[in-house]
>>> print(open('data-v7.csv').read())   # CSV, C-alpha atoms
chain,number,residue,atom,x,y,z
A,1,MET,CA,11.2,-37.5,16.3
A,2,ALA,CA,11.4,-34.8,18.9
A,3,MET,CA,14.4,-33.1,20.5
A,4,GLN,CA,15.9,-33.0,24.0
A,5,ALA,CA,16.3,-29.7,25.8
A,6,SER,CA,20.0,-30.5,26.3
A,7,GLU,CA,20.4,-31.1,22.5
A,8,ILE,CA,18.9,-27.7,21.7
A,9,GLU,CA,21.1,-26.0,24.3
A,10,GLN,CA,24.2,-27.7,23.0
A,11,MET,CA,23.6,-26.6,19.4
A,12,ILE,CA,22.9,-23.0,20.4
A,13,LYS,CA,26.1,-22.9,22.6
A,14,GLU,CA,28.1,-24.3,19.7
A,15,ALA,CA,27.1,-21.3,17.6
A,16,PHE,CA,27.2,-18.8,20.5
A,17,PRO,CA,30.0,-19.9,22.8
A,18,ASP,CA,29.5,-17.0,25.2
A,19,ALA,CA,25.8,-17.4,25.4
A,20,ILE,CA,23.7,-17.9,28.5
A,21,VAL,CA,21.0,-20.3,27.4
A,22,THR,CA,17.9,-21.3,29.3
A,23,ILE,CA,15.5,-23.8,27.8
A,24,GLU,CA,11.9,-24.5,29.1
A,25,ASP,CA,9.9,-27.5,28.0
A,26,LEU,CA,6.5,-26.1,27.4
A,27,ARG,CA,4.5,-29.3,27.0
A,28,GLY,CA,6.8,-32.2,27.8
A,29,ASP,CA,6.4,-33.6,24.3
A,30,GLY,CA,9.9,-32.7,23.1
A,31,ASP,CA,8.3,-30.5,20.4
A,32,HIS,CA,7.4,-27.3,22.2
A,33,TYR,CA,10.1,-25.4,23.9
A,34,ALA,CA,10.8,-21.8,25.0
A,35,ALA,CA,14.4,-20.6,24.9
A,36,ARG,CA,16.1,-17.5,26.2
A,37,VAL,CA,19.5,-16.7,24.7
A,38,ILE,CA,21.8,-13.9,25.9
A,39,SER,CA,24.9,-13.3,23.8
A,40,LYS,CA,27.2,-10.5,22.7
A,41,ALA,CA,26.6,-11.6,19.1
A,42,PHE,CA,23.2,-9.9,19.3
A,43,VAL,CA,24.6,-6.4,20.0
A,44,GLY,CA,23.1,-4.0,17.4
A,45,VAL,CA,21.3,-6.8,15.5
A,46,PRO,CA,17.6,-6.4,14.8
A,47,ARG,CA,15.4,-8.9,16.7
A,48,VAL,CA,14.3,-10.8,13.6
A,49,ARG,CA,17.9,-11.3,12.6
A,50,GLN,CA,18.8,-12.5,16.1
A,51,HIS,CA,16.1,-15.1,15.9
A,52,GLN,CA,17.3,-16.2,12.4
A,53,MET,CA,20.8,-16.6,13.8
A,54,VAL,CA,19.5,-19.0,16.5
A,55,TYR,CA,17.4,-20.9,13.9
A,56,SER,CA,20.4,-21.4,11.8
A,57,ALA,CA,22.3,-22.7,14.8
A,58,LEU,CA,19.7,-25.4,15.0
A,59,LYS,CA,20.7,-26.5,11.4
A,60,GLY,CA,17.2,-26.8,9.8
A,61,ARG,CA,15.5,-28.6,12.7
A,62,MET,CA,13.3,-25.7,13.4
A,63,GLY,CA,9.9,-26.1,11.9
A,64,GLY,CA,10.5,-29.8,11.2
A,65,GLN,CA,11.8,-32.0,14.0
A,66,LEU,CA,11.3,-29.1,16.4
A,67,HIS,CA,7.7,-27.8,15.9
A,68,ALA,CA,7.8,-24.8,18.2
A,69,LEU,CA,10.5,-22.8,19.9
A,70,ALA,CA,9.3,-19.6,21.6
A,71,LEU,CA,12.5,-17.5,21.4
A,72,GLN,CA,13.7,-14.6,23.5
A,73,THR,CA,17.1,-13.2,22.4
A,74,GLU,CA,19.0,-10.4,24.1
A,75,ALA,CA,22.5,-8.8,24.2
A,76,PRO,CA,24.0,-8.8,27.6
A,77,ARG,CA,23.0,-5.6,29.5
B,1,MET,CA,17.8,-1.7,-12.7
B,2,ASN,CA,18.9,-4.3,-10.1
B,3,GLU,CA,19.0,-7.8,-11.5
B,4,MET,CA,17.2,-10.4,-9.5
B,5,THR,CA,19.4,-13.2,-8.3
B,6,SER,CA,18.9,-16.3,-10.5
B,7,ASN,CA,17.0,-18.4,-8.0
B,8,GLN,CA,14.7,-15.4,-7.2
B,9,ALA,CA,13.8,-14.5,-10.8
B,10,ALA,CA,12.6,-18.0,-11.8
B,11,ASN,CA,10.4,-18.7,-8.8
B,12,PRO,CA,6.7,-18.1,-9.4
B,13,VAL,CA,5.9,-18.6,-5.7
B,14,HIS,CA,8.4,-15.9,-4.7
B,15,ASP,CA,6.9,-13.6,-7.4
B,16,ARG,CA,3.4,-14.2,-6.0
B,17,ILE,CA,4.6,-13.4,-2.4
B,18,ARG,CA,6.4,-10.3,-3.7
B,19,GLN,CA,3.2,-9.2,-5.4
B,20,GLU,CA,1.1,-9.8,-2.3
B,21,ILE,CA,3.4,-7.8,0.0
B,22,LYS,CA,3.6,-5.0,-2.5
B,23,ASP,CA,-0.1,-4.8,-3.1
B,24,ASN,CA,-1.1,-4.9,0.6
B,25,ASN,CA,0.2,-2.7,3.5
B,26,VAL,CA,-0.1,-5.5,6.0
B,27,VAL,CA,0.0,-9.2,5.1
B,28,LEU,CA,-0.1,-12.2,7.4
B,29,PHE,CA,0.9,-15.5,6.0
B,30,MET,CA,-0.8,-17.9,8.4
B,31,LYS,CA,-2.4,-21.3,9.0
B,32,GLY,CA,-6.2,-20.9,8.4
B,33,SER,CA,-7.9,-17.6,8.0
B,34,PRO,CA,-8.4,-14.6,10.2
B,35,ALA,CA,-11.9,-15.8,10.9
B,36,PHE,CA,-10.8,-19.4,11.5
B,37,PRO,CA,-7.1,-19.6,12.5
B,38,MET,CA,-5.9,-23.2,12.5
B,39,CYS,CA,-2.9,-22.8,14.8
B,40,GLY,CA,-2.4,-21.1,18.2
B,41,PHE,CA,0.5,-19.0,17.0
B,42,SER,CA,-1.4,-17.8,13.9
B,43,ALA,CA,-4.4,-17.1,16.2
B,44,ALA,CA,-2.2,-15.0,18.5
B,45,VAL,CA,-1.0,-12.7,15.7
B,46,VAL,CA,-4.6,-12.4,14.3
B,47,GLN,CA,-5.7,-11.3,17.8
B,48,ALA,CA,-2.8,-8.8,18.1
B,49,LEU,CA,-3.8,-7.2,14.8
B,50,ASN,CA,-7.5,-7.3,15.5
B,51,ASN,CA,-6.8,-5.7,18.9
B,52,MET,CA,-5.0,-2.9,17.2
B,53,GLY,CA,-7.8,-2.4,14.7
B,54,VAL,CA,-5.4,-2.8,11.7
B,55,GLN,CA,-6.6,-3.7,8.2
B,56,TYR,CA,-4.6,-6.7,6.9
B,57,LYS,CA,-4.7,-9.5,4.4
B,58,GLY,CA,-4.6,-13.1,5.8
B,59,ILE,CA,-3.2,-15.7,3.4
B,60,ASP,CA,-3.7,-19.3,4.3
B,61,VAL,CA,-0.6,-21.3,3.5
B,62,LEU,CA,-2.4,-24.6,4.3
B,63,THR,CA,-4.2,-24.3,1.0
B,64,ASP,CA,-1.0,-24.3,-1.1
B,65,PRO,CA,2.0,-26.5,0.0
B,66,SER,CA,4.3,-24.7,-2.4
B,67,LEU,CA,3.4,-21.4,-0.8
B,68,ARG,CA,3.9,-22.9,2.7
B,69,GLN,CA,7.4,-23.9,1.7
B,70,GLY,CA,8.1,-21.0,-0.5
B,71,ILE,CA,7.4,-18.4,2.2
B,72,LYS,CA,9.9,-19.9,4.5
B,73,GLU,CA,12.6,-19.7,1.8
B,74,PHE,CA,11.6,-16.2,0.8
B,75,SER,CA,12.0,-14.8,4.3
B,76,ASP,CA,14.6,-17.3,5.6
B,77,TRP,CA,12.3,-18.0,8.5
B,78,PRO,CA,11.3,-21.6,9.3
B,79,THR,CA,7.9,-21.2,10.8
B,80,ILE,CA,4.4,-19.8,10.2
B,81,PRO,CA,2.8,-17.2,10.8
B,82,GLN,CA,4.9,-14.5,9.2
B,83,LEU,CA,3.9,-10.8,9.3
B,84,TYR,CA,4.8,-8.4,6.6
B,85,ILE,CA,4.3,-4.6,6.9
B,86,LYS,CA,4.8,-2.4,3.7
B,87,GLY,CA,6.7,-5.3,2.1
B,88,GLU,CA,9.1,-5.8,5.0
B,89,PHE,CA,9.3,-9.1,7.0
B,90,ILE,CA,8.6,-8.2,10.6
B,91,GLY,CA,8.7,-11.6,12.3
B,92,GLY,CA,6.7,-14.5,13.7
B,93,CYS,CA,4.4,-14.9,16.7
B,94,ASP,CA,7.0,-14.2,19.4
B,95,ILE,CA,8.3,-11.0,17.8
B,96,VAL,CA,4.9,-9.6,17.0
B,97,ARG,CA,3.7,-10.2,20.6
B,98,GLU,CA,6.9,-8.7,22.0
B,99,MET,CA,6.6,-5.7,19.7
B,100,GLN,CA,2.9,-5.2,20.6
B,101,ALA,CA,3.7,-5.4,24.4
B,102,SER,CA,6.5,-2.9,24.1
B,103,GLY,CA,4.5,-0.5,21.9
B,104,GLU,CA,7.0,-0.9,19.1
B,105,LEU,CA,4.3,-2.4,16.8
B,106,ALA,CA,2.0,0.6,17.2
B,107,ALA,CA,4.9,3.0,16.6
B,108,LEU,CA,5.8,1.0,13.4
B,109,PHE,CA,2.2,1.2,12.1
B,110,ASN,CA,2.2,5.0,12.8
B,111,ASP,CA,5.6,5.5,11.2
B,112,LYS,CA,4.3,3.6,8.1
B,113,GLY,CA,1.1,5.6,8.0
B,114,ILE,CA,-1.1,2.5,8.7
B,115,PRO,CA,-4.3,3.4,10.5
B,116,ASN,CA,-4.7,1.6,13.8
B,117,THR,CA,-6.5,2.1,17.1
B,118,ALA,CA,-3.5,1.5,19.4
B,119,LYS,CA,-3.1,4.2,22.1
B,120,VAL,CA,0.4,5.5,21.7
B,121,GLY,CA,1.3,8.9,23.2
B,122,SER,CA,0.8,10.6,19.8
B,123,ALA,CA,-0.5,14.2,19.7
>>> encode(input="data-v7.csv", output="structure tokens")
Amino acid sequence: MAMQASEIEQMIKEAFPDAIVTIEDLRGDGDHYAARVISKAFVGVPRVRQHQMVYSALKGRMGGQLHALALQTEAPR
Amino acid sequence: MNEMTSNQAANPVHDRIRQEIKDNNVVLFMKGSPAFPMCGFSAAVVQALNNMGVQYKGIDVLTDPSLRQGIKEFSDWPTIPQLYIKGEFIGGCDIVREMQASGELAALFNDKGIPNTAKVGSA
């Protein structure tokens, strides 16, 4: 059971209300996406931790329902 | 002596992981082997490490389902591959590629005294 881009965006925005989120569907199979997330929550946070924060926003779907999510996380410049 | 948290102490898979990342400077938990990666993301990290001429140990999680699940709990990271340098979890495919492109990975190897062939502006 794959995921919709809008669903991913909504879950990330719930966890990061200030975030600018752009989702790209890499293969059109609902399983391989790229996401860019810009949020103040990442200020001073190591990149690995930033990605873990986004994965926890997806409530366990990452690696199961969602096979691949190429992540790019940044704090606002 | 710091006590291990209860779920950590009684977990043989976590113990094995802890041992591997202690015994080896660079460890890549991956799908397949460095010679025969079985997934694009694992292959990308293998290529990155090979391009940098770094010695590393590839561990195929496909051969052991408990390891495949255990590594995700151990690092609180939901996907494979996972790269460890000197016992520290560095990241998955995206982070390794970003760090390689920015030169951060070469700098990290140099900081940790791990031989590599990356050209960083060192003396």
>>> interface_residues(input="data-v7.csv", of="chain A", to="chain B", cutoff="10 Å", atoms="all atoms listed in the file", output="list in words")
Arg47, Val48, Arg49, His51, Gln52, Tyr55, Ser56, Gly60, Arg61, Met62, Gly63, Gly64, His67, Ala68, Leu69, Ala70, Leu71 and Gln72 of chain A
>>> residues_around(input="data-v7.csv", residues="Gly28 of chain A", least_positions_apart="6", cutoff="12 Å", atoms="all atoms listed in the file", output="MDAnalysis selection string")
chainID A and resid 2:5 34
>>> residues_around(input="data-v7.csv", residues="Tyr33 of chain A", least_positions_apart="5", cutoff="6 Å", atoms="all atoms listed in the file", output="number ranges by chain")
A: 24-26, 69
>>> atom_distance(input="data-v7.csv", atom1="atom CA of Arg77 of chain A", atom2="atom CA of Ala107 of chain B")
23.8 Å
>>> residues_around(input="data-v7.csv", residues="Ala41 of chain A", least_positions_apart="5", cutoff="12 Å", atoms="only C-alpha atoms", output="number ranges by chain")
A: 13, 15-20, 46-47, 49-51, 53-54, 73-76
>>> atom_distance(input="data-v7.csv", atom1="atom CA of Arg97 of chain B", atom2="atom CA of Tyr84 of chain B")
14.2 Å
>>> closest_residue(input="data-v7.csv", among="B:Val54, B:Ala43, B:Glu73, B:Leu83", to="Leu28 of chain B", atoms="all atoms listed in the file")
B:Leu83
>>> closest_residue(input="data-v7.csv", among="B:Cys39, B:Gln55, B:Gly87, B:Lys31", to="Ile17 of chain B", atoms="all atoms listed in the file")
B:Gly87
>>> atom_distance(input="data-v7.csv", atom1="atom CA of Ser102 of chain B", atom2="atom CA of Phe42 of chain A")
18.7 Å
>>> residues_around(input="data-v7.csv", residues="Arg18 of chain B", least_positions_apart="4", cutoff="12 Å", atoms="only C-alpha atoms", output="count of residues only")
20
